[in-house]
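> Below you'll find the structure I mean.
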Amino acid sequence: SQPTTGVLYKEDNYIIMTTVDKEKYKCLLPLIASGNEEEEKDYKGPAPGELLEPLFKQSSCSYRIESYWTYEVCHGKHIRQYHEEKETGQKINIQEYYLGNMIMKSPLSEPGSQELPCGNDLFLSLTQIPTKNIEGQMTPYYPVELGNGTPCSLRQNLPRSSTVMYICHPEAKHEILSVAEVTTCEYEVVILTPLLCNHPKYRFRASPVNDIFCQSLPGSPLKPHNLEQLEKQQEMLKMPFRRVKEEEMPSTKEEKFSSIHKPVAVGSHQLLTVGTTHISKLTDEQLIKEFLSGSYCFHGGVGWWKYEFCYGKYVHQYHEDKESGKTSVVVGTWSKEEHIEWSRKNAARTFYLREDGTQTVRMVSHFYGNGDVCDLTDKPRQVTVKLKCKESDSPHAVTIYMLEPHSCQYILGVESPVICKILDTADEYGLLSVPS
């Protein structure tokens, strides 16, 4: 039966398919027309530069920490790349470059007034909106040019310059997704922001996937013979698992999880690598059991490094390359005794006060030590994992970010609605259990 809402199907828009057994089927194709074009044509709201105005007026800054450099984007002001080193005697040595500055004054503006970077709006309304390939998806962006950066010795002391590309993402909080040097001393910075999402031309659109409905023609069975056989074989393969206890069902989980570990470039933290992925829609109870037993691991992160967190087991940092395969670093491994020792000196639980005067757990922190030895310190890597409740429209979303406040000492933030359900079970050491 065909759906009555959503994608339209017309009786005369079909093809006839014939199987190897000469069975014939009439397959109705969906009409791909969408209403987006109409919505874009009728849009009378603020221009993209105006939508971004609050970001420039608040003088807010976004940060991204990489292994050596920290990037600071103060919206509408400047982009700075810097590295801080503490020398003996606690003197801080800063190495820094400005990758671009916003020229705030315009000769046409009134004395004392500030010009916000909305000058592109007229140009963009007359031309095609530019797009960039973000994780395989052509994504529209709003460009803001920044010039007059630190002189570049490799280009006859010409000033460094950057293009900041603002991209719509409804759940983002103005994170820096990436910083790239496209040519010598010229940079591209991608920022994720919800502010642009009110403009229909900047909304992210996933490639649509529409069903094709096939009906058997006279003289052909309802389902092709080979399809019936295939379905029977699949049922037979599942048979041995039917006798397994319900809590051991994850042995069949590979097929459910294989396509969901690719992180989507978005998150909710202002620092470093952030990734949101969507975990399989198992029942909450199954999911919590698997997570707490360490058999279901969270994956996240964008850029070069990705992260794998298995509760009560380990934190890994890895990079996958088609040519050289997978490079993996053990950031920390779990030892209950070491964590309890750590929790005696550090807060394993943080609380917030509800309006009715009762308190509830806001976040738990766990210590994972004894990772791979760090070249810079000659000591094992270690990580503090911070598990936090994050309400979301998608009950199965996970956001992961990694910070490195000191060399090879990390903080891994993990936020998900799944965690909301178990935070209140935390004991004095912050250890979690299945809710009763």
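As shown in the structure tokens, the chain order sets the letters A, B, ...; within each chain, residues go from 1, and ligands are also counted from 1 in the order they appear.
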Could you list, as a PDB file with C-alpha atoms, in the first residue's frame, every residue within 6 Å of stretch 66-82 of chain A, counting only C-alpha atoms and ignoring same-chain residues fewer than 6 positions away?

ATOM      1  CA  PHE A  56      29.032  40.179  16.431  1.00  0.00           C
ATOM      2  CA  SER A  60      31.610  36.446  21.825  1.00  0.00           C
ATOM      3  CA  GLN A  95      53.649  32.499  20.515  1.00  0.00           C
ATOM      4  CA  GLU A  96      50.786  34.060  18.538  1.00  0.00           C
ATOM      5  CA  TYR A  97      49.635  35.117  15.058  1.00  0.00           C
ATOM      6  CA  TYR A  98      46.550  37.039  13.984  1.00  0.00           C
ATOM      7  CA  LEU A  99      45.023  35.243  10.980  1.00  0.00           C
ATOM      8  CA  GLY A 100      42.762  38.201  10.240  1.00  0.00           C
ATOM      9  CA  ASN A 101      41.142  41.305  11.731  1.00  0.00           C
ATOM     10  CA  MET A 102      37.773  42.840  10.931  1.00  0.00           C
TER      11      MET A 102
END
> Compile the contact shell of A:Phe213 as JSON, numbers by chain: residues with an atom at most 7 Å away, counting only C-alpha atoms, same-chain residues fewer than 2 positions apart removed.
{"A": [2, 27, 28, 211, 215]}
> Which of these residues is nearest to A:Asn157, using only C-alpha atoms: A:Thr384, A:Glu171, A:Cys297, A:Cys185?
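Smallest separation from A:Asn157 among the options: A:Cys185.
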> Using only C-alpha atoms, which residues sit within 10 Å of A:Cys420 once same-chain residues fewer than 4 positions away are excluded, as a VMD selection string?
chain A and resid 361 to 363 387 to 391 415 to 416 424
> Give me the residues within 10 Å of A:Tyr25 as a ChimeraX atom specification, counting only C-alpha atoms and dropping any in the same chain fewer than 3 places off.
/A:15-19,22,28,213-218,220-224
> Could you save those same residues with C-alpha atoms as a PDB file, in the first residue's frame?

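Ended up saving to result.pdb:
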ATOM      1  CA  ILE A  15       8.598   1.301 -14.582  1.00  0.00           C
ATOM      2  CA  ILE A  16       8.045  -2.427 -15.184  1.00  0.00           C
ATOM      3  CA  MET A  17      10.676  -4.653 -13.530  1.00  0.00           C
ATOM      4  CA  THR A  18      11.200  -8.292 -14.514  1.00  0.00           C
ATOM      5  CA  THR A  19      13.059 -10.763 -12.275  1.00  0.00           C
ATOM      6  CA  LYS A  22      10.335 -13.773 -15.520  1.00  0.00           C
ATOM      7  CA  LEU A  28       5.805   3.342  -8.795  1.00  0.00           C
ATOM      8  CA  PHE A 213       6.517   0.696  -4.233  1.00  0.00           C
ATOM      9  CA  CYS A 214       6.183  -2.406  -6.408  1.00  0.00           C
ATOM     10  CA  GLN A 215       2.936  -4.231  -7.211  1.00  0.00           C
ATOM     11  CA  SER A 216       2.796  -7.726  -8.746  1.00  0.00           C
ATOM     12  CA  LEU A 217       1.252  -7.923 -12.217  1.00  0.00           C
ATOM     13  CA  PRO A 218      -1.240 -10.727 -13.165  1.00  0.00           C
ATOM     14  CA  SER A 220       3.284 -13.100 -10.866  1.00  0.00           C
ATOM     15  CA  PRO A 221       3.447 -13.926  -7.118  1.00  0.00           C
ATOM     16  CA  LEU A 222       2.958 -11.188  -4.520  1.00  0.00           C
ATOM     17  CA  LYS A 223       6.703 -11.411  -3.690  1.00  0.00           C
ATOM     18  CA  PRO A 224       9.450 -12.646  -6.053  1.00  0.00           C
TER      19      PRO A 224
END
> Calculate how many Å separate atom CA of A:Tyr311 from atom CA of A:Gly294, rounding to one decimal.
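Distance reported for this atom pair: 4.9 Å.
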> Counting only C-alpha atoms, figure out which residue out of A:Lys379, A:Lys10, A:His366, A:His299 gets nearest to A:Ile411.
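Among the listed residues, A:His366 lies closest to A:Ile411.
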> Within 12 Å of A:Glu320, counting only C-alpha atoms, which residues qualify if same-chain residues fewer than 2 places away don't, as a list in words?
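Counting only C-alpha atoms, the residues come to Lys262, Gly303, Trp304, Trp305, Lys306, Tyr307, Gln317, Tyr318, Lys322, Glu323, Ser324, Gly325, Lys326, Thr327, Ser328 and Val329 of chain A.
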> Filtering to all heavy atoms, could you give me those residues as a compact mmCIF listing (two decimals), in the first residue's frame?

# COMPACT_ATOMS: atom_id res chain seq x y z
N LYS A 262 29.42 7.06 12.25
CA LYS A 262 30.01 8.21 11.58
C LYS A 262 29.53 9.48 12.28
O LYS A 262 28.35 9.78 12.28
CB LYS A 262 29.58 8.24 10.12
CG LYS A 262 30.18 9.41 9.35
CD LYS A 262 29.78 9.31 7.90
CE LYS A 262 30.42 10.44 7.11
NZ LYS A 262 29.93 11.74 7.43
N GLY A 303 37.32 15.99 12.69
CA GLY A 303 38.71 16.31 12.38
C GLY A 303 39.55 15.04 12.32
O GLY A 303 39.03 13.94 12.10
N TRP A 304 40.86 15.18 12.53
CA TRP A 304 41.80 14.06 12.39
C TRP A 304 41.50 12.95 13.39
O TRP A 304 41.39 11.79 13.03
CB TRP A 304 43.22 14.60 12.60
CG TRP A 304 44.29 13.56 12.45
CD1 TRP A 304 44.82 12.80 13.45
CD2 TRP A 304 44.96 13.16 11.26
NE1 TRP A 304 45.78 11.95 12.95
CE2 TRP A 304 45.89 12.16 11.60
CE3 TRP A 304 44.87 13.55 9.93
CZ2 TRP A 304 46.72 11.54 10.67
CZ3 TRP A 304 45.70 12.94 9.00
CH2 TRP A 304 46.61 11.95 9.37
N TRP A 305 41.35 13.31 14.66
CA TRP A 305 41.17 12.30 15.71
C TRP A 305 39.70 12.06 16.01
O TRP A 305 38.91 12.99 16.07
CB TRP A 305 41.85 12.72 17.01
CG TRP A 305 43.34 12.69 16.95
CD1 TRP A 305 44.18 13.77 16.98
CD2 TRP A 305 44.19 11.53 16.85
NE1 TRP A 305 45.48 13.35 16.90
CE2 TRP A 305 45.52 11.99 16.82
CE3 TRP A 305 43.95 10.16 16.77
CZ2 TRP A 305 46.61 11.12 16.73
CZ3 TRP A 305 45.02 9.30 16.68
CH2 TRP A 305 46.34 9.77 16.66
N LYS A 306 39.34 10.79 16.19
CA LYS A 306 38.02 10.38 16.69
C LYS A 306 38.24 9.74 18.06
O LYS A 306 39.37 9.36 18.40
CB LYS A 306 37.36 9.38 15.74
CG LYS A 306 37.23 9.84 14.29
CD LYS A 306 36.11 10.83 14.12
CE LYS A 306 35.82 11.09 12.66
NZ LYS A 306 36.82 11.85 11.96
N TYR A 307 37.16 9.57 18.82
CA TYR A 307 37.28 9.04 20.18
C TYR A 307 36.31 7.89 20.39
O TYR A 307 35.19 7.93 19.90
CB TYR A 307 37.02 10.15 21.22
CG TYR A 307 37.90 11.35 20.96
CD1 TYR A 307 37.40 12.46 20.30
CD2 TYR A 307 39.24 11.31 21.29
CE1 TYR A 307 38.22 13.53 20.00
CE2 TYR A 307 40.07 12.38 21.00
CZ TYR A 307 39.57 13.49 20.35
OH TYR A 307 40.38 14.54 20.05
N GLN A 317 41.79 7.09 21.42
CA GLN A 317 41.80 8.15 20.40
C GLN A 317 42.32 7.47 19.14
O GLN A 317 43.33 6.77 19.20
CB GLN A 317 42.77 9.24 20.87
CG GLN A 317 43.01 10.36 19.91
CD GLN A 317 43.90 11.44 20.54
OE1 GLN A 317 43.43 12.24 21.32
NE2 GLN A 317 45.17 11.44 20.23
N TYR A 318 41.64 7.63 18.00
CA TYR A 318 42.09 6.90 16.82
C TYR A 318 41.89 7.71 15.54
O TYR A 318 41.11 8.65 15.49
CB TYR A 318 41.36 5.55 16.70
CG TYR A 318 39.87 5.64 16.49
CD1 TYR A 318 39.32 5.66 15.22
CD2 TYR A 318 38.99 5.73 17.57
CE1 TYR A 318 37.95 5.76 15.01
CE2 TYR A 318 37.62 5.84 17.39
CZ TYR A 318 37.11 5.84 16.10
OH TYR A 318 35.76 5.95 15.90
N LYS A 322 42.79 5.26 4.73
CA LYS A 322 42.64 4.19 3.73
C LYS A 322 43.96 3.49 3.45
O LYS A 322 44.02 2.29 3.24
CB LYS A 322 42.08 4.77 2.41
CG LYS A 322 40.58 5.03 2.49
CD LYS A 322 40.07 5.64 1.21
CE LYS A 322 38.59 6.01 1.35
NZ LYS A 322 38.10 6.77 0.21
N GLU A 323 45.06 4.28 3.42
CA GLU A 323 46.34 3.69 3.06
C GLU A 323 47.04 3.04 4.25
O GLU A 323 47.47 1.89 4.19
CB GLU A 323 47.26 4.77 2.45
CG GLU A 323 46.76 5.20 1.06
CD GLU A 323 47.44 6.45 0.57
OE1 GLU A 323 48.53 6.77 1.08
OE2 GLU A 323 46.88 7.10 -0.33
N SER A 324 47.15 3.78 5.36
CA SER A 324 47.94 3.25 6.49
C SER A 324 47.10 2.51 7.52
O SER A 324 47.62 2.03 8.53
CB SER A 324 48.73 4.38 7.15
OG SER A 324 47.85 5.43 7.50
N GLY A 325 45.78 2.43 7.34
CA GLY A 325 44.93 1.70 8.29
C GLY A 325 44.59 2.54 9.50
O GLY A 325 44.50 3.76 9.42
N LYS A 326 44.44 1.90 10.66
CA LYS A 326 43.97 2.58 11.87
C LYS A 326 45.12 2.84 12.84
O LYS A 326 45.86 1.93 13.20
CB LYS A 326 42.89 1.72 12.55
CG LYS A 326 42.19 2.40 13.71
CD LYS A 326 41.03 1.55 14.21
CE LYS A 326 40.30 2.20 15.36
NZ LYS A 326 39.15 1.41 15.82
N THR A 327 45.28 4.11 13.23
CA THR A 327 46.25 4.47 14.27
C THR A 327 45.46 4.69 15.54
O THR A 327 44.51 5.47 15.55
CB THR A 327 46.96 5.81 13.90
OG1 THR A 327 47.42 5.71 12.56
CG2 THR A 327 48.09 6.11 14.84
N SER A 328 45.85 4.02 16.63
CA SER A 328 45.07 4.11 17.86
C SER A 328 45.97 4.44 19.05
O SER A 328 47.10 3.94 19.14
CB SER A 328 44.35 2.79 18.11
OG SER A 328 43.37 2.96 19.10
N VAL A 329 45.53 5.33 19.92
CA VAL A 329 46.26 5.71 21.13
C VAL A 329 45.36 5.42 22.33
O VAL A 329 44.19 5.83 22.33
CB VAL A 329 46.63 7.22 21.11
CG1 VAL A 329 47.32 7.62 22.39
CG2 VAL A 329 47.49 7.55 19.90
> What gap, in Å, lies between atom CA of A:Leu146 and atom CA of A:Thr163?
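The value is 6.2 Å.
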> Quick one: distance from atom CA of A:Leu52 to atom CA of A:Val414 in Å, one decimal?
28.5 Å
